[in-house]
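A.B. asks: This is my_file-v3.cif (mmCIF, C-alpha atoms).
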```
data_protein
loop_
_atom_site.group_PDB
_atom_site.id
_atom_site.type_symbol
_atom_site.label_atom_id
_atom_site.label_comp_id
_atom_site.auth_asym_id
_atom_site.auth_seq_id
_atom_site.Cartn_x
_atom_site.Cartn_y
_atom_site.Cartn_z
ATOM 1 C CA MET A 635 0.000 0.000 0.000
ATOM 2 C CA THR A 636 1.464 3.362 -1.021
ATOM 3 C CA GLU A 637 -0.458 6.468 -2.073
ATOM 4 C CA ILE A 638 -3.813 7.378 -0.450
ATOM 5 C CA THR A 639 -6.160 10.071 -1.754
ATOM 6 C CA MET A 640 -9.731 11.115 -0.865
ATOM 7 C CA ASN A 641 -12.336 12.473 -3.291
ATOM 8 C CA MET A 642 -16.074 12.686 -3.850
ATOM 9 C CA MET A 643 -17.433 10.373 -6.539
ATOM 10 C CA ASN A 644 -20.775 9.787 -8.218
ATOM 11 C CA THR A 645 -22.293 6.555 -6.863
ATOM 12 C CA GLU A 646 -22.989 5.308 -10.399
ATOM 13 C CA GLU A 647 -19.299 5.605 -11.278
ATOM 14 C CA VAL A 648 -18.031 3.491 -8.393
ATOM 15 C CA LYS A 649 -16.934 0.118 -9.761
ATOM 16 C CA THR A 650 -17.009 -3.139 -7.807
ATOM 17 C CA HIS A 651 -14.960 -6.342 -8.141
ATOM 18 C CA GLU A 652 -16.343 -9.887 -8.092
ATOM 19 C CA THR A 653 -13.768 -11.115 -5.561
ATOM 20 C CA PHE A 654 -14.745 -8.484 -3.007
ATOM 21 C CA ARG A 655 -18.480 -8.718 -3.736
ATOM 22 C CA ALA A 656 -18.308 -12.422 -2.938
ATOM 23 C CA LEU A 657 -16.076 -11.861 0.067
ATOM 24 C CA PHE A 658 -18.340 -9.253 1.644
ATOM 25 C CA PRO A 659 -21.962 -10.016 0.713
ATOM 26 C CA ILE A 660 -24.520 -7.381 1.724
ATOM 27 C CA ARG A 661 -26.634 -8.263 4.762
ATOM 28 C CA PRO A 662 -30.248 -7.201 4.090
ATOM 29 C CA GLU A 663 -30.891 -6.305 7.751
ATOM 30 C CA LEU A 664 -27.762 -4.132 7.936
ATOM 31 C CA LEU A 665 -28.615 -2.478 4.626
ATOM 32 C CA THR A 666 -32.014 -1.465 6.009
ATOM 33 C CA ILE A 667 -30.459 0.077 9.139
ATOM 34 C CA ILE A 668 -27.922 2.100 7.130
ATOM 35 C CA GLU A 669 -30.619 3.286 4.725
ATOM 36 C CA GLU A 670 -32.666 4.620 7.661
ATOM 37 C CA ASP A 671 -29.612 6.429 9.029
ATOM 38 C CA MET A 672 -28.883 8.013 5.654
ATOM 39 C CA LYS A 673 -32.467 9.217 5.314
ATOM 40 C CA THR A 674 -32.048 11.043 8.616
ATOM 41 C CA TRP A 675 -28.391 12.101 8.659
ATOM 42 C CA GLU A 676 -27.332 11.910 5.010
ATOM 43 C CA TYR A 677 -24.059 10.087 4.306
ATOM 44 C CA ASP A 678 -21.506 9.923 7.144
ATOM 45 C CA GLU A 679 -18.334 11.200 5.478
ATOM 46 C CA SER A 680 -16.188 9.663 8.216
ATOM 47 C CA GLN A 681 -17.003 6.298 6.608
ATOM 48 C CA PRO A 682 -15.745 6.594 3.013
ATOM 49 C CA ILE A 683 -15.881 3.924 0.344
ATOM 50 C CA VAL A 684 -12.438 2.337 -0.088
ATOM 51 C CA LEU A 685 -11.289 1.937 -3.679
ATOM 52 C CA ALA A 686 -8.144 0.081 -4.639
ATOM 53 C CA THR A 687 -5.791 -0.635 -7.500
ATOM 54 C CA TRP A 688 -2.963 -3.177 -7.714
ATOM 55 C CA GLU A 689 -0.744 -4.704 -10.353
ATOM 56 C CA GLY A 690 -3.052 -5.949 -13.075
ATOM 57 C CA GLN A 691 -5.999 -3.871 -11.785
ATOM 58 C CA ASP A 692 -5.593 -0.339 -13.080
ATOM 59 C CA GLU A 693 -9.206 0.807 -12.628
ATOM 60 C CA PRO A 694 -10.081 1.568 -8.975
ATOM 61 C CA VAL A 695 -12.638 -0.870 -7.556
ATOM 62 C CA CYS A 696 -14.530 -1.008 -4.285
ATOM 63 C CA ILE A 697 -12.940 -3.289 -1.699
ATOM 64 C CA ASP A 698 -14.752 -1.946 1.387
ATOM 65 C CA GLY A 699 -18.118 -0.197 1.733
ATOM 66 C CA HIS A 700 -20.408 -2.238 -0.519
ATOM 67 C CA THR A 701 -23.341 -1.928 1.892
ATOM 68 C CA ARG A 702 -22.833 1.819 2.335
ATOM 69 C CA LEU A 703 -22.608 2.262 -1.424
ATOM 70 C CA GLN A 704 -25.844 0.339 -2.041
ATOM 71 C CA ALA A 705 -27.636 2.214 0.757
ATOM 72 C CA ALA A 706 -26.575 5.540 -0.758
ATOM 73 C CA LYS A 707 -27.947 4.490 -4.155
ATOM 74 C CA ASN A 708 -31.220 3.277 -2.600
ATOM 75 C CA THR A 709 -31.771 6.552 -0.750
ATOM 76 C CA GLY A 710 -30.951 8.773 -3.727
ATOM 77 C CA ILE A 711 -27.555 10.067 -2.548
ATOM 78 C CA MET A 712 -25.628 10.961 -5.692
ATOM 79 C CA GLU A 713 -22.091 11.435 -4.345
ATOM 80 C CA VAL A 714 -20.082 9.577 -1.705
ATOM 81 C CA PRO A 715 -16.588 10.101 -0.270
ATOM 82 C CA VAL A 716 -14.007 7.603 -1.505
ATOM 83 C CA TYR A 717 -10.463 6.740 -0.534
ATOM 84 C CA GLU A 718 -8.274 5.560 -3.391
ATOM 85 C CA GLN A 719 -5.430 3.309 -2.316
ATOM 86 C CA GLU A 720 -2.741 1.544 -4.290
ATOM 87 C CA TYR A 721 -1.720 -1.948 -3.124
ATOM 88 C CA SER A 722 1.200 -4.148 -4.093
ATOM 89 C CA SER A 723 -1.111 -7.057 -4.942
ATOM 90 C CA GLU A 724 -4.709 -8.262 -4.796
ATOM 91 C CA GLU A 725 -3.739 -10.345 -1.738
ATOM 92 C CA ALA A 726 -2.628 -7.205 0.102
ATOM 93 C CA ALA A 727 -5.921 -5.512 -0.773
ATOM 94 C CA ILE A 728 -7.883 -8.511 0.504
ATOM 95 C CA GLU A 729 -5.965 -8.533 3.775
ATOM 96 C CA HIS A 730 -6.666 -4.860 4.397
ATOM 97 C CA ALA A 731 -10.332 -5.206 3.465
ATOM 98 C CA VAL A 732 -10.744 -8.194 5.817
ATOM 99 C CA GLN A 733 -9.023 -6.281 8.592
ATOM 100 C CA LEU A 734 -11.381 -3.320 8.141
ATOM 101 C CA GLN A 735 -14.405 -5.615 8.285
ATOM 102 C CA CYS A 736 -13.197 -7.513 11.349
ATOM 103 C CA HIS A 737 -12.292 -4.429 13.353
ATOM 104 C CA ARG A 738 -15.477 -2.588 12.465
ATOM 105 C CA ARG A 739 -17.979 -5.142 13.758
ATOM 106 C CA ASN A 740 -18.330 -8.431 15.582
ATOM 107 C CA LEU A 741 -18.213 -11.153 12.971
ATOM 108 C CA THR A 742 -19.981 -14.489 13.179
ATOM 109 C CA ASP A 743 -17.991 -17.730 13.297
ATOM 110 C CA ALA A 744 -19.113 -18.427 9.738
ATOM 111 C CA GLU A 745 -17.708 -15.099 8.513
ATOM 112 C CA LEU A 746 -14.418 -15.542 10.385
ATOM 113 C CA PHE A 747 -14.091 -19.057 8.990
ATOM 114 C CA ARG A 748 -14.761 -17.884 5.434
ATOM 115 C CA TYR A 749 -12.231 -15.032 5.695
ATOM 116 C CA MET A 750 -9.548 -17.295 7.144
ATOM 117 C CA GLU A 751 -10.175 -19.876 4.440
ATOM 118 C CA ILE A 752 -9.642 -17.243 1.751
ATOM 119 C CA ILE A 753 -6.514 -15.873 3.424
ATOM 120 C CA ASP A 754 -5.014 -19.360 3.777
ATOM 121 C CA GLU A 755 -5.839 -20.298 0.205
ATOM 122 C CA ARG A 756 -3.924 -17.275 -1.021
ATOM 123 C CA HIS A 757 -0.942 -17.424 1.344
ATOM 124 C CA VAL A 758 -0.200 -20.984 2.465
ATOM 125 C CA PRO A 759 2.350 -22.718 0.201
ATOM 126 C CA GLN A 760 0.960 -25.617 -1.784
ATOM 127 C CA ARG A 761 2.624 -29.045 -1.960
ATOM 128 C CA ASN A 762 3.923 -30.167 -5.341
ATOM 129 C CA GLU A 763 3.599 -33.679 -6.791
ATOM 130 C CA ASN A 764 6.583 -34.848 -4.717
ATOM 131 C CA GLY A 765 4.918 -33.781 -1.471
ATOM 132 C CA LYS A 766 7.234 -30.823 -0.931
ATOM 133 C CA PHE A 767 6.085 -27.246 -0.476
ATOM 134 C CA ALA A 768 6.091 -25.230 -3.645
ATOM 135 C CA GLY A 769 6.209 -21.462 -3.658
ATOM 136 C CA ALA A 770 3.197 -19.662 -2.293
ATOM 137 C CA PRO A 771 1.043 -17.621 -4.701
ATOM 138 C CA ASN A 772 2.875 -14.483 -5.815
ATOM 139 C CA GLY A 773 5.747 -15.417 -3.510
ATOM 140 C CA ALA A 774 3.714 -14.754 -0.378
ATOM 141 C CA ALA A 775 4.742 -16.661 2.736
ATOM 142 C CA GLY A 776 2.354 -18.773 4.761
ATOM 143 C CA LYS A 777 0.922 -17.012 7.797
ATOM 144 C CA SER A 778 1.065 -18.330 11.339
ATOM 145 C CA SER A 779 -2.108 -18.710 13.362
ATOM 146 C CA GLU A 780 -1.018 -15.786 15.528
ATOM 147 C CA ALA A 781 -0.581 -13.459 12.537
ATOM 148 C CA THR A 782 -3.884 -14.546 11.001
ATOM 149 C CA ALA A 783 -5.672 -14.139 14.334
ATOM 150 C CA LYS A 784 -4.368 -10.589 14.626
ATOM 151 C CA LEU A 785 -5.585 -9.832 11.128
ATOM 152 C CA LEU A 786 -9.039 -11.250 11.880
ATOM 153 C CA GLY A 787 -9.273 -9.636 15.301
ATOM 154 C CA THR A 788 -9.699 -12.945 17.105
ATOM 155 C CA SER A 789 -7.602 -15.208 19.369
ATOM 156 C CA SER A 790 -4.782 -17.409 18.078
ATOM 157 C CA ARG A 791 -6.520 -20.371 19.751
ATOM 158 C CA LYS A 792 -9.631 -19.808 17.651
ATOM 159 C CA ALA A 793 -7.518 -19.346 14.530
ATOM 160 C CA GLU A 794 -5.764 -22.657 15.226
ATOM 161 C CA ARG A 795 -9.109 -24.403 15.663
ATOM 162 C CA MET A 796 -10.441 -22.984 12.401
ATOM 163 C CA ARG A 797 -7.300 -24.122 10.603
ATOM 164 C CA ALA A 798 -7.611 -27.610 12.140
ATOM 165 C CA ILE A 799 -11.166 -27.848 10.786
ATOM 166 C CA MET A 800 -10.024 -26.724 7.329
ATOM 167 C CA ASP A 801 -7.062 -29.131 7.288
ATOM 168 C CA HIS A 802 -8.624 -32.212 8.901
ATOM 169 C CA GLY A 803 -12.401 -31.802 9.029
ATOM 170 C CA ASP A 804 -14.665 -33.749 6.700
ATOM 171 C CA SER A 805 -16.807 -31.905 4.163
ATOM 172 C CA GLU A 806 -19.908 -32.167 6.343
ATOM 173 C CA THR A 807 -18.235 -30.416 9.296
ATOM 174 C CA VAL A 808 -16.531 -27.787 7.138
ATOM 175 C CA ASP A 809 -19.789 -26.905 5.389
ATOM 176 C CA ALA A 810 -21.671 -26.748 8.692
ATOM 177 C CA VAL A 811 -19.190 -24.234 10.142
ATOM 178 C CA LYS A 812 -19.016 -22.247 6.918
ATOM 179 C CA ASN A 813 -22.820 -21.992 6.705
ATOM 180 C CA GLY A 814 -23.225 -20.958 10.338
ATOM 181 C CA GLU A 815 -24.924 -24.234 11.312
ATOM 182 C CA MET A 816 -22.103 -25.159 13.709
ATOM 183 C CA SER A 817 -19.783 -23.038 15.855
ATOM 184 C CA VAL A 818 -16.010 -23.182 15.448
ATOM 185 C CA ASN A 819 -15.626 -24.830 18.858
ATOM 186 C CA LYS A 820 -18.216 -27.487 18.045
ATOM 187 C CA GLY A 821 -16.674 -28.063 14.618
ATOM 188 C CA TYR A 822 -13.247 -28.480 16.205
ATOM 189 C CA GLU A 823 -14.582 -30.995 18.741
ATOM 190 C CA GLU A 824 -16.270 -33.003 15.979
ATOM 191 C CA THR A 825 -13.101 -32.944 13.880
ATOM 192 C CA GLN A 826 -10.891 -34.143 16.736
ATOM 193 C CA LYS A 827 -13.388 -36.868 17.672
ATOM 194 C CA LYS A 828 -13.451 -38.209 14.116
ATOM 195 C CA ARG A 829 -9.656 -38.021 13.819
ATOM 196 C CA LYS A 830 -9.207 -40.081 16.988
ATOM 197 C CA ALA A 831 -11.734 -42.655 15.770
ATOM 198 C CA SER A 832 -9.934 -42.876 12.425
ATOM 199 C CA LYS A 833 -6.540 -43.366 14.103
ATOM 200 C CA ALA A 834 -7.955 -46.098 16.337
ATOM 201 C CA THR A 835 -9.374 -47.886 13.303
ATOM 202 C CA LYS A 836 -6.068 -47.689 11.423
ATOM 203 C CA LYS A 837 -4.198 -48.961 14.479
ATOM 204 C CA SER A 838 -6.500 -51.965 14.827
ATOM 205 C CA LEU A 839 -6.078 -52.776 11.132
ATOM 206 C CA LYS A 840 -2.289 -52.744 11.513
ATOM 207 C CA ALA A 841 -2.336 -55.076 14.546
ATOM 208 C CA PRO A 842 -1.062 -58.631 13.756
ATOM 209 C CA SER A 843 -3.785 -61.249 13.462
ATOM 210 C CA PRO A 844 -3.499 -64.848 14.760
ATOM 211 C CA ASP A 845 -3.033 -66.092 11.204
ATOM 212 C CA SER A 846 -0.354 -63.569 10.275
ATOM 213 C CA ALA A 847 2.608 -65.414 11.803
ATOM 214 C CA ASN A 848 3.297 -67.482 8.677
ATOM 215 C CA THR A 849 2.808 -64.576 6.287
ATOM 216 C CA SER A 850 5.890 -62.706 7.470
ATOM 217 C CA PRO A 851 8.758 -62.993 4.964
ATOM 218 C CA ASP A 852 11.101 -63.769 7.894
ATOM 219 C CA SER A 853 9.012 -66.675 9.193
ATOM 220 C CA PRO A 854 9.818 -70.224 8.042
ATOM 221 C CA PRO A 855 6.910 -71.909 6.260
ATOM 222 C CA ASP A 856 6.839 -74.888 8.679
ATOM 223 C CA VAL A 857 6.171 -72.799 11.799
ATOM 224 C CA PRO A 858 2.480 -73.065 12.787
ATOM 225 C CA ALA A 859 0.597 -69.906 13.712
ATOM 226 C CA PRO A 860 -0.588 -69.387 17.304
ATOM 227 C CA ASN A 861 -4.006 -70.683 18.296
ATOM 228 C CA ASP A 862 -6.917 -68.323 18.780
ATOM 229 C CA GLY A 863 -6.367 -68.272 22.516
ATOM 230 C CA GLU A 864 -2.731 -67.182 22.151
ATOM 231 C CA THR A 865 -3.080 -63.775 20.542
ATOM 232 C CA VAL A 866 -1.273 -62.168 23.463
ATOM 233 C CA VAL A 867 2.006 -63.003 21.704
ATOM 234 C CA SER A 868 3.185 -62.375 18.157
ATOM 235 C CA GLU A 869 6.004 -63.836 16.093
ATOM 236 C CA ASP A 870 6.296 -60.659 14.039
ATOM 237 C CA SER A 871 9.297 -58.840 15.531
ATOM 238 C CA GLN A 872 8.547 -55.744 13.447
ATOM 239 C CA SER A 873 5.067 -55.180 14.813
ATOM 240 C CA GLU A 874 4.343 -52.957 17.790
ATOM 241 C CA PRO A 875 2.201 -54.122 20.722
ATOM 242 C CA ASN A 876 -1.422 -53.082 20.521
ATOM 243 C CA ASP A 877 -1.352 -51.974 24.144
ATOM 244 C CA ASP A 878 0.364 -52.665 27.465
ATOM 245 C CA MET A 879 -1.314 -56.119 27.669
ATOM 246 C CA SER A 880 0.508 -57.425 24.554
ATOM 247 C CA VAL A 881 3.812 -59.311 24.442
ATOM 248 C CA THR A 882 5.900 -59.443 21.263
ATOM 249 C CA LEU A 883 8.250 -62.436 20.819
ATOM 250 C CA ALA A 884 11.293 -62.612 18.601
ATOM 251 C CA PRO A 885 10.927 -65.319 15.913
ATOM 252 C CA GLU A 886 13.518 -67.596 17.507
ATOM 253 C CA HIS A 887 11.805 -67.393 20.920
ATOM 254 C CA TYR A 888 8.449 -68.112 19.370
ATOM 255 C CA ARG A 889 9.759 -71.235 17.612
ATOM 256 C CA ALA A 890 11.514 -72.470 20.763
ATOM 257 C CA LEU A 891 8.344 -72.137 22.843
ATOM 258 C CA LYS A 892 6.309 -73.758 20.082
ATOM 259 C CA ASP A 893 8.640 -76.781 20.150
ATOM 260 C CA LEU A 894 7.910 -77.226 23.865
ATOM 261 C CA GLY A 895 4.272 -77.883 23.053
ATOM 262 C CA GLY A 896 1.290 -76.627 25.007
ATOM 263 C CA SER A 897 0.109 -73.048 25.216
ATOM 264 C CA ILE A 898 2.635 -70.309 24.415
ATOM 265 C CA GLU A 899 0.622 -67.994 26.610
ATOM 266 C CA ASP A 900 1.148 -70.372 29.571
ATOM 267 C CA HIS A 901 4.876 -70.597 28.877
ATOM 268 C CA VAL A 902 5.184 -66.824 28.799
ATOM 269 C CA ALA A 903 3.117 -66.404 31.962
ATOM 270 C CA LYS A 904 5.266 -68.911 33.880
ATOM 271 C CA ALA A 905 8.483 -67.323 32.685
ATOM 272 C CA ILE A 906 7.305 -63.866 33.731
ATOM 273 C CA GLU A 907 6.175 -65.194 37.120
ATOM 274 C CA LYS A 908 9.569 -66.797 37.761
ATOM 275 C CA TYR A 909 11.349 -63.631 36.675
ATOM 276 C CA LEU A 910 9.296 -61.504 39.053
ATOM 277 C CA GLN A 911 9.860 -63.940 41.925
ATOM 278 C CA SER A 912 13.600 -64.063 41.332
ATOM 279 C CA SER A 913 13.733 -60.267 41.223
ATOM 280 C CA VAL A 914 12.062 -60.045 44.652
ATOM 281 C CA ASN A 915 13.937 -62.971 46.257
ATOM 282 C CA PRO A 916 16.983 -63.962 44.129
ATOM 283 C CA GLY A 917 18.188 -66.617 46.618
ATOM 284 C CA ALA A 918 15.013 -68.613 46.402
ATOM 285 C CA GLU A 919 15.407 -69.328 42.700
ATOM 286 C CA GLU A 920 18.123 -71.991 43.081
ATOM 287 C CA ASP A 921 16.071 -73.875 45.665
ATOM 288 C CA ARG A 922 13.066 -73.923 43.371
ATOM 289 C CA CYS A 923 15.079 -75.129 40.391
ATOM 290 C CA ALA A 924 15.977 -78.405 42.137
ATOM 291 C CA ASP A 925 12.345 -79.167 42.938
ATOM 292 C CA GLU A 926 10.851 -78.326 39.539
ATOM 293 C CA ASP A 927 8.785 -81.080 37.973
ATOM 294 C CA GLU A 928 9.751 -82.023 34.403
ATOM 295 C CA GLU A 929 6.282 -81.063 33.264
ATOM 296 C CA GLU A 930 6.815 -77.492 34.487
ATOM 297 C CA TYR A 931 8.428 -74.825 32.387
ATOM 298 C CA ASP A 932 12.163 -75.468 31.728
ATOM 299 C CA ASP A 933 13.907 -72.266 32.763
ATOM 300 C CA GLY A 934 17.395 -73.513 32.032
ATOM 301 C CA CYS A 935 18.409 -74.536 35.623
ATOM 302 C CA GLU A 936 20.209 -77.850 35.852
ATOM 303 C CA ASP A 937 18.657 -80.598 38.060
#
```
Could you render the structure from this file as structure tokens?
C.D. replies:
Amino acid sequence: MTEITMNMMNTEEVKTHETFRALFPIRPELLTIIEEDMKTWEYDESQPIVLATWEGQDEPVCIDGHTRLQAAKNTGIMEVPVYEQEYSSEEAAIEHAVQLQCHRRNLTDAELFRYMEIIDERHVPQRNENGKFAGAPNGAAGKSSEATAKLLGTSSRKAERMRAIMDHGDSETVDAVKNGEMSVNKGYEETQKKRKASKATKKSLKAPSPDSANTSPDSPPDVPAPNDGETVVSEDSQSEPNDDMSVTLAPEHYRALKDLGGSIEDHVAKAIEKYLQSSVNPGAEEDRCADEDEEEYDDGCED
């Protein structure tokens, strides 16, 4: 933004721009209020129409004051005050126009969400086909939540929640927030709930199944898979436990326990029990080894 000038202009000569008309639609109820004020007090010259030019847009167009302009036309006011400002780019003009709107009145969640969506679309770098960030439009850098929040006149926490909805929310949630059918906070809660459910589903799908022991490329074909009642252990050394109740065995340990016969789960339970007992009372382990029955778990102690 560089030069700023103020003039009076005929209302019929003021040009508008489709981007800004769509960005700031006229509210019928607000239009009625402003029309009534103009009938009583004429046009308030402290609230001029803001016109702008930028590279590629040589003719000044309205970027702020669409409702005031329409109210003036409806009430027969022929001339309105206008500020003419020159911006470095259309993005810079949009930012200033959004800032004027946000600081002038309390915006709804739907309006804040729509403005942030437009700002992010124009400033956040896009990923290329290799998944890396390409240059942002017109070389503009992506904005942090704090910077965007300041521009919108809201908190960084709310800006972060809006961005989370835009980045991770499903179309139903995004549309509900954008149309004013759902608040930002509610939309954020729904988005986080669905994300957690999706992660849980993916985690369960990745968990090794009882029949997966023989499918591992590292497993020999003659090693039988665990029975249904033995899913607490897994031969797959690459898999992670589902939770703290799971035990993962190395392939060689699995095969050794399988050769012993019986339930692998029982073997593991007995081994853990002996380990815990020996940790509490190390001296008692040697006494127990001499009395072990051959049918009990072989822990390696000589008779």
A.B. asks: Can you measure CA of His730 (chain A) to CA of Val808 (chain A) for me? One decimal in Å is fine.
C.D. replies: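 Between these atoms lies a distance of 25.1 Å.
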A.B. asks: Could you tell me how far CA of Asp801 (chain A) sits from CA of Lys828 (chain A), in Å to one decimal place?
C.D. replies: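 Computed distance, CA of Lys828 (chain A) to CA of Asp801 (chain A), equals 13.0 Å.
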A.B. asks: Just the number, please: distance in Å from CA of Arg702 (chain A) to CA of Ala731 (chain A), one decimal.
C.D. replies: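 Calculated distance between CA of Arg702 (chain A) and CA of Ala731 (chain A) is 14.4 Å.
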A.B. asks: Which of these residues is nearest to Ser778 (chain A), using all atoms listed in the file: A:Met750, A:Ile799, A:Ile711, A:Ala884?
C.D. replies: A:Met750
A.B. asks: May I have the residues within 8 Å of region 688-694 of chain A as a list in words, using only C-alpha atoms and disregarding those fewer than 2 positions away in the same chain?
C.D. replies: Lys649, Leu685, Ala686, Cys696, Glu718, Glu720, Tyr721, Ser722, Ser723, Glu724 and Ala727 of chain A
A.B. asks: Give as a CSV table (one decimal) with C-alpha atoms, in the frame of the given file the residues that the PyMOL selection byres ((chain A and resi 746) around 9) matches when applied to the coordinates above.
C.D. replies:
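Heads up, here's the output in part_19.csv:
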```csv
chain,number,residue,atom,x,y,z
A,736,CYS,CA,-13.2,-7.5,11.3
A,741,LEU,CA,-18.2,-11.2,13.0
A,742,THR,CA,-20.0,-14.5,13.2
A,743,ASP,CA,-18.0,-17.7,13.3
A,744,ALA,CA,-19.1,-18.4,9.7
A,745,GLU,CA,-17.7,-15.1,8.5
A,747,PHE,CA,-14.1,-19.1,9.0
A,748,ARG,CA,-14.8,-17.9,5.4
A,749,TYR,CA,-12.2,-15.0,5.7
A,750,MET,CA,-9.5,-17.3,7.1
A,751,GLU,CA,-10.2,-19.9,4.4
A,786,LEU,CA,-9.0,-11.2,11.9
A,788,THR,CA,-9.7,-12.9,17.1
A,793,ALA,CA,-7.5,-19.3,14.5
A,796,MET,CA,-10.4,-23.0,12.4
A,812,LYS,CA,-19.0,-22.2,6.9
```
A.B. asks: Could you tell me, as a ChimeraX atom specification, exactly which residues end up selected when the PyMOL selection byres ((chain A and resi 683) around 12) is applied to this structure?
C.D. replies: /A:639-645,648-650,677-682,684-686,694-706,713-719,731,734
A.B. asks: Starting from the displayed file, determine the output of the PyMOL selection byres ((chain A and resi 807) around 12) and express the residue list as a count of residues only.
C.D. replies: 31
A.B. asks: Check the smallest atom-to-atom distance from each of A:His901, A:Phe658, A:Glu647, A:Gly710 to Glu676 (chain A) using all atoms listed in the file, then report the winner.
C.D. replies: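 Among the listed residues, the smallest separation from Glu676 (chain A) belongs to A:Gly710.
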